[in-house]
Protein chains: 2
Amino acid sequence: MIKKIRTTPRREASLSRDRIVEASIELLDRNGEAGLTFRALSERLATGPGALYGHIANKDDLLIAACDAIVARTMSECAIGATPQATLRAMALGMFDTIVAHPWVGSALTRALGQLPIVRLLERTGQQVGALGVPEDEQWAAVSALLSYILGVGGQNAVNGQLARARDIDRSTFLEGLSTTWSQLDPQTYPFTRRVAGRLRSHDDRADFLAGFDFILRGIERSSS
Amino acid sequence: MIKKIRTTPRREASLSRDRIVEASIELLDRNGEAGLTFRALSERLATGPGALYGHIANKDDLLIAACDAIVARTMSECAIGATPQATLRAMALGMFDTIVAHPWVGSALTRALGQLPIVRLLERTGQQVGALGVPEDEQWAAVSALLSYILGVGGQNAVNGQLARARDIDRSTFLEGLSTTWSQLDPQTYPFTRRVAGRLRSHDDRADFLAGFDFILRGIERSSS
DNA sequence: GCCGCCTATGGAACGACGTTCCATGCATGT
DNA sequence: ACATGCATGGAACGTCGTTCCATAGGCGGC
């Protein structure tokens, strides 16, 4: 059973997986994860919802494809550093910035278990960890730790961004509210949380992310030395 | 404007937030995140969907409340170790096992940004990091890194569990499929992924998780020494 | 001990979603 | 030129979260 491929498109700019993915990214960027709808998407592409299913299995498939397009772009853009550490940090920061710019990528990534966008991250991380001199039988643990951290922070930033859009409040006002909520907790059971509540207002997510990434890198280096 | 509180319930076992949360947990454990539905929930509680909104703001609120009940239970159960490191590892492993047992907790946690269940984790982690001797102005970075890692792994395990339930396949057969997919990737662009594909079948998630956690712990100790 | 208020209740209804289905029409092979 | 088969796209289906409102039952005032 050979699957016939139509050589020429039905019309000049007919439906294609790429065109659908591209339009999906625009919708996701404009209105967040809730903005990607088969109705909105078909309207933007001047077609019906049913037509999309000829190129896409379902919504998850579409979301992961859109996510992969963004991740692939980020991977190709972020710099190769002089050392494996520098390259890893550049990749991590690139992903961080990408997720801040496209919060939906963060939540899509957490659902893409083992699929293409994750494999891209896995591969680049694995190559650099190998270049670090980590013994082969310890590489998986190191790579898995770095990836889990990136995905974890990314997921948090995703809700962060989506939440800010939903209530359309500024990020600083959200942190302000969280800070006052935390500072009103019971001093007996939540001393630490109360103590850091004040710092919440002025902290730098990006710097914190990088600091955490460096913790893991140092831990890996120390483990294999 | 004083809010009147009804002193006695309407009936013997009337609706209450606790009863709703308890029933939600049962539904979530039985059928995963898709199993929590206002219709199924109201049927189980012998009431109508509208009645629930007297005790619960919306579905997110309910999901986070259910998540918090589980997290609180885990926090109270996991052991206090002899050293701060041991306590932190016990807490991390406790959360790992909890999310394996209740995969929906993993995805609920990623959406609970700054809310009660997260605060519980934050507080315990913060206290132990303080006990580790980390200087006060470095504690936030350390705690944030540990938490992000736990949430990241948890989120991955969440989809892992939900996916296994959805396709009702064994976890090992899923890994088998992923392994063969990865081993068929292009050797030029995906050498690392191909190399670890074989190891995928036999790896131990729990051990990997603990190894990653220890990377961060070592990195923190090394940083502040 | 009775009655009117007020709130918790629960069933129906609404709008939107993902997905399926099928009549239609165009491009292709003969 | 014709028949065939597939991509198309609009309608329809079932389900979801949420809202609305008629109802009923406990509680305070008499």
# chains A, B, ... in the order shown; residues from 1 in each chain; ligands from 1

$ closest_atom_pairs --of "chain D" --to "chain B" --cutoff "8 Å" --atoms "only C-alpha atoms (C1' of nucleotides)" --output "Markdown table"
| residue | atom | partner | partner_atom | distance |
| --- | --- | --- | --- | --- |
| D:DC16 | C1' | B:Thr37 | CA | 7.9 |
| D:DG17 | C1' | B:Lys59 | CA | 7.7 |
| D:DG25 | C1' | B:Arg10 | CA | 7.7 |
| D:DG26 | C1' | B:Arg10 | CA | 6.9 |

$ closest_atom_pairs --of "chain C" --to "chain A" --cutoff "12 Å" --atoms "only C-alpha atoms (C1' of nucleotides)" --output "CSV"
residue,atom,partner,partner_atom,distance
C:DA16,C1',A:Thr37,CA,9.9
C:DC17,C1',A:Thr37,CA,7.9
C:DG18,C1',A:Lys59,CA,7.8
C:DT19,C1',A:Gly50,CA,8.4
C:DT20,C1',A:Gly50,CA,8.3
C:DC21,C1',A:Gly50,CA,9.2
C:DC22,C1',A:Gly50,CA,10.9
C:DG25,C1',A:Arg10,CA,11.2
C:DC26,C1',A:Arg10,CA,7.5
C:DA27,C1',A:Arg10,CA,7.1
C:DT28,C1',A:Arg6,CA,9.0

$ residues_around --residues "stretch 11-13 of chain C" --least-positions-apart "3" --cutoff "10 Å" --atoms "only C-alpha atoms (C1' of nucleotides)" --output "PyMOL selection string"
(chain B and resi 47-51) or (chain D and resi 19-22)

$ closest_atom_pairs --of "chain A" --to "chain B" --cutoff "6 Å" --atoms "only C-alpha atoms" --output "Markdown table"
| residue | atom | partner | partner_atom | distance |
| --- | --- | --- | --- | --- |
| A:Glu123 | CA | B:Thr193 | CA | 5.6 |
| A:Gly126 | CA | B:Phe192 | CA | 5.8 |
| A:Ala141 | CA | B:Asp208 | CA | 5.6 |
| A:Ala145 | CA | B:Gly212 | CA | 4.7 |
| A:Ser148 | CA | B:Gly152 | CA | 5.0 |
| A:Tyr149 | CA | B:Tyr149 | CA | 4.6 |
| A:Leu151 | CA | B:Gly152 | CA | 5.5 |
| A:Gly152 | CA | B:Gly152 | CA | 3.4 |
| A:Val153 | CA | B:Ser148 | CA | 5.5 |
| A:Phe192 | CA | B:Glu123 | CA | 5.7 |
| A:Thr193 | CA | B:Glu123 | CA | 5.6 |
| A:Asp208 | CA | B:Ala141 | CA | 5.5 |
| A:Gly212 | CA | B:Ala145 | CA | 4.7 |
| A:Phe215 | CA | B:Gly219 | CA | 4.2 |
| A:Ile216 | CA | B:Ile216 | CA | 4.7 |
| A:Arg218 | CA | B:Gly219 | CA | 5.0 |
| A:Gly219 | CA | B:Phe215 | CA | 4.2 |
| A:Ile220 | CA | B:Phe215 | CA | 5.8 |

$ write_last_selection --atoms "N, CA and C atoms" --output "compact mmCIF listing (two decimals), in the first residue's frame"
# COMPACT_ATOMS: atom_id res chain seq x y z
N GLU A 123 19.90 16.19 22.99
CA GLU A 123 21.09 15.96 22.17
C GLU A 123 22.16 17.01 22.43
N GLY A 126 23.56 16.58 25.86
CA GLY A 126 24.39 15.38 25.96
C GLY A 126 25.75 15.57 25.34
N ALA A 141 22.71 10.73 33.89
CA ALA A 141 22.25 11.39 35.12
C ALA A 141 22.47 12.89 35.03
N ALA A 145 19.47 15.65 34.78
CA ALA A 145 19.32 16.68 35.81
C ALA A 145 19.22 18.06 35.18
N SER A 148 15.83 18.42 33.37
CA SER A 148 14.70 18.54 34.28
C SER A 148 14.65 19.93 34.89
N TYR A 149 15.82 20.46 35.19
CA TYR A 149 15.85 21.81 35.76
C TYR A 149 15.34 22.84 34.76
N LEU A 151 13.38 22.38 32.24
CA LEU A 151 11.94 22.20 32.04
C LEU A 151 11.15 22.68 33.25
N GLY A 152 11.71 22.47 34.44
CA GLY A 152 11.01 22.91 35.64
C GLY A 152 10.87 24.42 35.70
N VAL A 153 11.98 25.11 35.50
CA VAL A 153 11.92 26.57 35.51
C VAL A 153 11.03 27.06 34.37
N PHE A 192 10.65 31.06 57.06
CA PHE A 192 11.48 31.28 55.88
C PHE A 192 10.71 32.02 54.79
N THR A 193 9.50 31.55 54.53
CA THR A 193 8.69 32.18 53.48
C THR A 193 8.48 33.66 53.78
N ASP A 208 18.49 34.15 38.92
CA ASP A 208 18.23 32.98 39.76
C ASP A 208 18.33 31.70 38.94
N GLY A 212 20.99 28.64 39.58
CA GLY A 212 20.61 27.24 39.77
C GLY A 212 21.28 26.33 38.78
N PHE A 215 24.71 25.73 39.88
CA PHE A 215 24.78 24.76 40.97
C PHE A 215 24.91 23.35 40.40
N ILE A 216 24.06 23.04 39.44
CA ILE A 216 24.08 21.68 38.88
C ILE A 216 25.39 21.43 38.15
N ARG A 218 28.28 22.75 38.70
CA ARG A 218 29.34 22.55 39.70
C ARG A 218 29.22 21.17 40.33
N GLY A 219 28.00 20.78 40.63
CA GLY A 219 27.79 19.45 41.21
C GLY A 219 28.27 18.35 40.29
N ILE A 220 28.03 18.53 38.99
CA ILE A 220 28.46 17.52 38.03
C ILE A 220 29.98 17.48 37.96

$ residues_around --residues "stretch 96-98 of chain A" --least-positions-apart "3" --cutoff "9 Å" --atoms "only C-alpha atoms (C1' of nucleotides)" --output "list in words"
Ile70, Val71, Thr74, Met91, Ala92, Leu93, Ala101, His102, Pro103, Val105, Gly106, Ile150, Val153, Gly154, Asn157, Arg206 and Phe209 of chain A

$ write_last_selection --atoms "N, CA, C and O atoms" --output "PDB file, in the first residue's frame"
ATOM      1  N   ILE A  70       9.660  26.458  17.496  1.00  0.00           N
ATOM      2  CA  ILE A  70      10.318  27.498  18.290  1.00  0.00           C
ATOM      3  C   ILE A  70      11.628  26.979  18.880  1.00  0.00           C
ATOM      4  O   ILE A  70      12.656  27.665  18.848  1.00  0.00           O
ATOM      5  N   VAL A  71      11.595  25.771  19.412  1.00  0.00           N
ATOM      6  CA  VAL A  71      12.805  25.219  20.031  1.00  0.00           C
ATOM      7  C   VAL A  71      13.911  25.065  18.987  1.00  0.00           C
ATOM      8  O   VAL A  71      15.076  25.393  19.251  1.00  0.00           O
ATOM      9  N   THR A  74      15.445  28.354  18.393  1.00  0.00           N
ATOM     10  CA  THR A  74      16.316  28.748  19.508  1.00  0.00           C
ATOM     11  C   THR A  74      17.633  27.981  19.481  1.00  0.00           C
ATOM     12  O   THR A  74      18.706  28.565  19.670  1.00  0.00           O
ATOM     13  N   MET A  91      22.811  27.814  25.940  1.00  0.00           N
ATOM     14  CA  MET A  91      21.598  27.092  25.554  1.00  0.00           C
ATOM     15  C   MET A  91      20.510  27.273  26.615  1.00  0.00           C
ATOM     16  O   MET A  91      19.348  27.553  26.284  1.00  0.00           O
ATOM     17  N   ALA A  92      20.897  27.130  27.870  1.00  0.00           N
ATOM     18  CA  ALA A  92      19.917  27.261  28.945  1.00  0.00           C
ATOM     19  C   ALA A  92      19.294  28.657  28.951  1.00  0.00           C
ATOM     20  O   ALA A  92      18.070  28.799  29.055  1.00  0.00           O
ATOM     21  N   LEU A  93      20.149  29.659  28.828  1.00  0.00           N
ATOM     22  CA  LEU A  93      19.614  31.022  28.810  1.00  0.00           C
ATOM     23  C   LEU A  93      18.756  31.263  27.576  1.00  0.00           C
ATOM     24  O   LEU A  93      17.743  31.969  27.635  1.00  0.00           O
ATOM     25  N   ALA A 101       9.508  34.801  26.279  1.00  0.00           N
ATOM     26  CA  ALA A 101       8.889  35.434  25.114  1.00  0.00           C
ATOM     27  C   ALA A 101       7.652  34.672  24.641  1.00  0.00           C
ATOM     28  O   ALA A 101       6.682  35.267  24.174  1.00  0.00           O
ATOM     29  N   HIS A 102       7.682  33.362  24.749  1.00  0.00           N
ATOM     30  CA  HIS A 102       6.548  32.518  24.333  1.00  0.00           C
ATOM     31  C   HIS A 102       6.187  31.581  25.487  1.00  0.00           C
ATOM     32  O   HIS A 102       6.560  30.404  25.471  1.00  0.00           O
ATOM     33  N   PRO A 103       5.436  32.081  26.464  1.00  0.00           N
ATOM     34  CA  PRO A 103       5.172  31.275  27.660  1.00  0.00           C
ATOM     35  C   PRO A 103       4.567  29.908  27.357  1.00  0.00           C
ATOM     36  O   PRO A 103       4.836  28.939  28.076  1.00  0.00           O
ATOM     37  N   VAL A 105       5.331  27.845  25.232  1.00  0.00           N
ATOM     38  CA  VAL A 105       6.354  26.833  24.947  1.00  0.00           C
ATOM     39  C   VAL A 105       6.714  26.076  26.221  1.00  0.00           C
ATOM     40  O   VAL A 105       6.941  24.864  26.195  1.00  0.00           O
ATOM     41  N   GLY A 106       6.724  26.773  27.336  1.00  0.00           N
ATOM     42  CA  GLY A 106       7.058  26.126  28.598  1.00  0.00           C
ATOM     43  C   GLY A 106       6.093  25.013  28.944  1.00  0.00           C
ATOM     44  O   GLY A 106       6.519  23.918  29.308  1.00  0.00           O
ATOM     45  N   ILE A 150      15.830  22.749  33.543  1.00  0.00           N
ATOM     46  CA  ILE A 150      15.384  23.702  32.514  1.00  0.00           C
ATOM     47  C   ILE A 150      13.874  23.607  32.323  1.00  0.00           C
ATOM     48  O   ILE A 150      13.163  24.616  32.273  1.00  0.00           O
ATOM     49  N   VAL A 153      11.977  25.110  35.505  1.00  0.00           N
ATOM     50  CA  VAL A 153      11.920  26.568  35.513  1.00  0.00           C
ATOM     51  C   VAL A 153      11.032  27.060  34.371  1.00  0.00           C
ATOM     52  O   VAL A 153      10.239  27.991  34.548  1.00  0.00           O
ATOM     53  N   GLY A 154      11.165  26.414  33.229  1.00  0.00           N
ATOM     54  CA  GLY A 154      10.345  26.812  32.086  1.00  0.00           C
ATOM     55  C   GLY A 154       8.863  26.683  32.382  1.00  0.00           C
ATOM     56  O   GLY A 154       8.076  27.567  32.060  1.00  0.00           O
ATOM     57  N   ASN A 157       7.807  29.518  34.609  1.00  0.00           N
ATOM     58  CA  ASN A 157       7.707  30.774  33.863  1.00  0.00           C
ATOM     59  C   ASN A 157       6.526  30.782  32.912  1.00  0.00           C
ATOM     60  O   ASN A 157       5.984  31.839  32.585  1.00  0.00           O
ATOM     61  N   ARG A 206      15.929  35.686  35.904  1.00  0.00           N
ATOM     62  CA  ARG A 206      16.950  35.186  34.988  1.00  0.00           C
ATOM     63  C   ARG A 206      18.241  34.870  35.728  1.00  0.00           C
ATOM     64  O   ARG A 206      18.874  33.836  35.491  1.00  0.00           O
ATOM     65  N   PHE A 209      17.756  31.760  37.736  1.00  0.00           N
ATOM     66  CA  PHE A 209      17.802  30.583  36.872  1.00  0.00           C
ATOM     67  C   PHE A 209      19.236  30.185  36.582  1.00  0.00           C
ATOM     68  O   PHE A 209      19.621  29.016  36.705  1.00  0.00           O
TER      69      PHE A 209
END

$ atom_distance --atom1 "atom CA of A:Ser24" --atom2 "atom CA of A:Leu36"
6.4 Å

$ atom_distance --atom1 "atom CA of B:Ala197" --atom2 "atom CA of A:Ala72"
21.0 Å

$ select_by_dssp --residues "chain A" --states "helix (DSSP H, G or I)" --output "VMD selection string"
chain A and resid 17 to 31 33 to 35 38 to 44 49 to 52 59 to 77 84 to 101 103 to 110 116 to 131 136 to 166 171 to 183 191 to 200 205 to 224

$ residues_around --residues "C:DG29" --least-positions-apart "5" --cutoff "12 Å" --atoms "only C-alpha atoms (C1' of nucleotides)" --output "JSON, numbers by chain"
{"D": [2, 3, 4, 5]}

$ write_last_selection --atoms "all heavy atoms" --output "mmCIF file, in the first residue's frame"
data_model
loop_
_atom_site.group_PDB
_atom_site.id
_atom_site.type_symbol
_atom_site.label_atom_id
_atom_site.label_comp_id
_atom_site.auth_asym_id
_atom_site.auth_seq_id
_atom_site.Cartn_x
_atom_site.Cartn_y
_atom_site.Cartn_z
ATOM 1 P P DC D 2 -17.491 14.170 -21.761
ATOM 2 O OP1 DC D 2 -18.692 13.868 -22.562
ATOM 3 O OP2 DC D 2 -17.428 15.415 -20.968
ATOM 4 O "O5'" DC D 2 -17.215 12.946 -20.790
ATOM 5 C "C5'" DC D 2 -16.665 11.739 -21.308
ATOM 6 C "C4'" DC D 2 -15.962 10.974 -20.202
ATOM 7 O "O4'" DC D 2 -14.619 11.503 -20.009
ATOM 8 C "C3'" DC D 2 -16.648 11.029 -18.834
ATOM 9 O "O3'" DC D 2 -16.862 9.715 -18.373
ATOM 10 C "C2'" DC D 2 -15.650 11.788 -17.953
ATOM 11 C "C1'" DC D 2 -14.328 11.433 -18.625
ATOM 12 N N1 DC D 2 -13.234 12.399 -18.335
ATOM 13 C C2 DC D 2 -11.989 11.920 -17.893
ATOM 14 O O2 DC D 2 -11.828 10.702 -17.748
ATOM 15 N N3 DC D 2 -10.984 12.802 -17.629
ATOM 16 C C4 DC D 2 -11.202 14.108 -17.803
ATOM 17 N N4 DC D 2 -10.183 14.938 -17.543
ATOM 18 C C5 DC D 2 -12.453 14.618 -18.254
ATOM 19 C C6 DC D 2 -13.429 13.743 -18.499
ATOM 20 P P DA D 3 -18.061 9.449 -17.308
ATOM 21 O OP1 DA D 3 -19.087 8.583 -17.901
ATOM 22 O OP2 DA D 3 -18.450 10.736 -16.709
ATOM 23 O "O5'" DA D 3 -17.270 8.597 -16.212
ATOM 24 C "C5'" DA D 3 -16.478 7.493 -16.648
ATOM 25 C "C4'" DA D 3 -15.346 7.261 -15.663
ATOM 26 O "O4'" DA D 3 -14.456 8.413 -15.666
ATOM 27 C "C3'" DA D 3 -15.798 7.080 -14.209
ATOM 28 O "O3'" DA D 3 -15.075 6.005 -13.634
ATOM 29 C "C2'" DA D 3 -15.449 8.412 -13.562
ATOM 30 C "C1'" DA D 3 -14.227 8.850 -14.347
ATOM 31 N N9 DA D 3 -14.030 10.301 -14.411
ATOM 32 C C8 DA D 3 -14.974 11.251 -14.717
ATOM 33 N N7 DA D 3 -14.512 12.472 -14.721
ATOM 34 C C5 DA D 3 -13.173 12.329 -14.389
ATOM 35 C C6 DA D 3 -12.138 13.259 -14.218
ATOM 36 N N6 DA D 3 -12.294 14.564 -14.374
ATOM 37 N N1 DA D 3 -10.920 12.781 -13.889
ATOM 38 C C2 DA D 3 -10.760 11.459 -13.734
ATOM 39 N N3 DA D 3 -11.658 10.483 -13.867
ATOM 40 C C4 DA D 3 -12.858 10.990 -14.194
ATOM 41 P P DT D 4 -15.495 5.423 -12.173
ATOM 42 O OP1 DT D 4 -15.470 3.950 -12.255
ATOM 43 O OP2 DT D 4 -16.705 6.144 -11.721
ATOM 44 O "O5'" DT D 4 -14.267 5.886 -11.284
ATOM 45 C "C5'" DT D 4 -12.935 5.679 -11.766
ATOM 46 C "C4'" DT D 4 -11.958 6.356 -10.832
ATOM 47 O "O4'" DT D 4 -11.873 7.769 -11.131
ATOM 48 C "C3'" DT D 4 -12.311 6.274 -9.341
ATOM 49 O "O3'" DT D 4 -11.162 5.889 -8.616
ATOM 50 C "C2'" DT D 4 -12.769 7.675 -9.005
ATOM 51 C "C1'" DT D 4 -11.902 8.509 -9.937
ATOM 52 N N1 DT D 4 -12.458 9.861 -10.241
ATOM 53 C C2 DT D 4 -11.615 10.940 -10.258
ATOM 54 O O2 DT D 4 -10.430 10.871 -10.030
ATOM 55 N N3 DT D 4 -12.232 12.131 -10.564
ATOM 56 C C4 DT D 4 -13.584 12.345 -10.842
ATOM 57 O O4 DT D 4 -14.016 13.466 -11.111
ATOM 58 C C5 DT D 4 -14.399 11.172 -10.808
ATOM 59 C C7 DT D 4 -15.865 11.270 -11.097
ATOM 60 C C6 DT D 4 -13.803 9.988 -10.505
ATOM 61 P P DG D 5 -11.275 5.082 -7.218
ATOM 62 O OP1 DG D 5 -10.686 3.740 -7.421
ATOM 63 O OP2 DG D 5 -12.661 5.224 -6.720
ATOM 64 O "O5'" DG D 5 -10.313 5.904 -6.251
ATOM 65 C "C5'" DG D 5 -9.143 6.529 -6.793
ATOM 66 C "C4'" DG D 5 -8.845 7.818 -6.053
ATOM 67 O "O4'" DG D 5 -9.646 8.901 -6.622
ATOM 68 C "C3'" DG D 5 -9.199 7.799 -4.553
ATOM 69 O "O3'" DG D 5 -8.184 8.457 -3.841
ATOM 70 C "C2'" DG D 5 -10.506 8.569 -4.499
ATOM 71 C "C1'" DG D 5 -10.238 9.623 -5.555
ATOM 72 N N9 DG D 5 -11.431 10.282 -6.066
ATOM 73 C C8 DG D 5 -12.668 9.729 -6.278
ATOM 74 N N7 DG D 5 -13.548 10.587 -6.741
ATOM 75 C C5 DG D 5 -12.848 11.775 -6.837
ATOM 76 C C6 DG D 5 -13.285 13.055 -7.286
ATOM 77 O O6 DG D 5 -14.395 13.396 -7.694
ATOM 78 N N1 DG D 5 -12.244 13.982 -7.226
ATOM 79 C C2 DG D 5 -10.965 13.713 -6.787
ATOM 80 N N2 DG D 5 -10.110 14.730 -6.807
ATOM 81 N N3 DG D 5 -10.553 12.529 -6.374
ATOM 82 C C4 DG D 5 -11.547 11.610 -6.434
#

$ atom_distance --atom1 "atom CA of B:Ser42" --atom2 "atom CA of B:Ile99"
25.7 Å

$ residues_around --residues "A:Leu52" --least-positions-apart "6" --cutoff "10 Å" --atoms "only C-alpha atoms (C1' of nucleotides)" --output "ChimeraX atom specification"
/A:15-17,20,38,41-42,45,58,62 /D:8-9
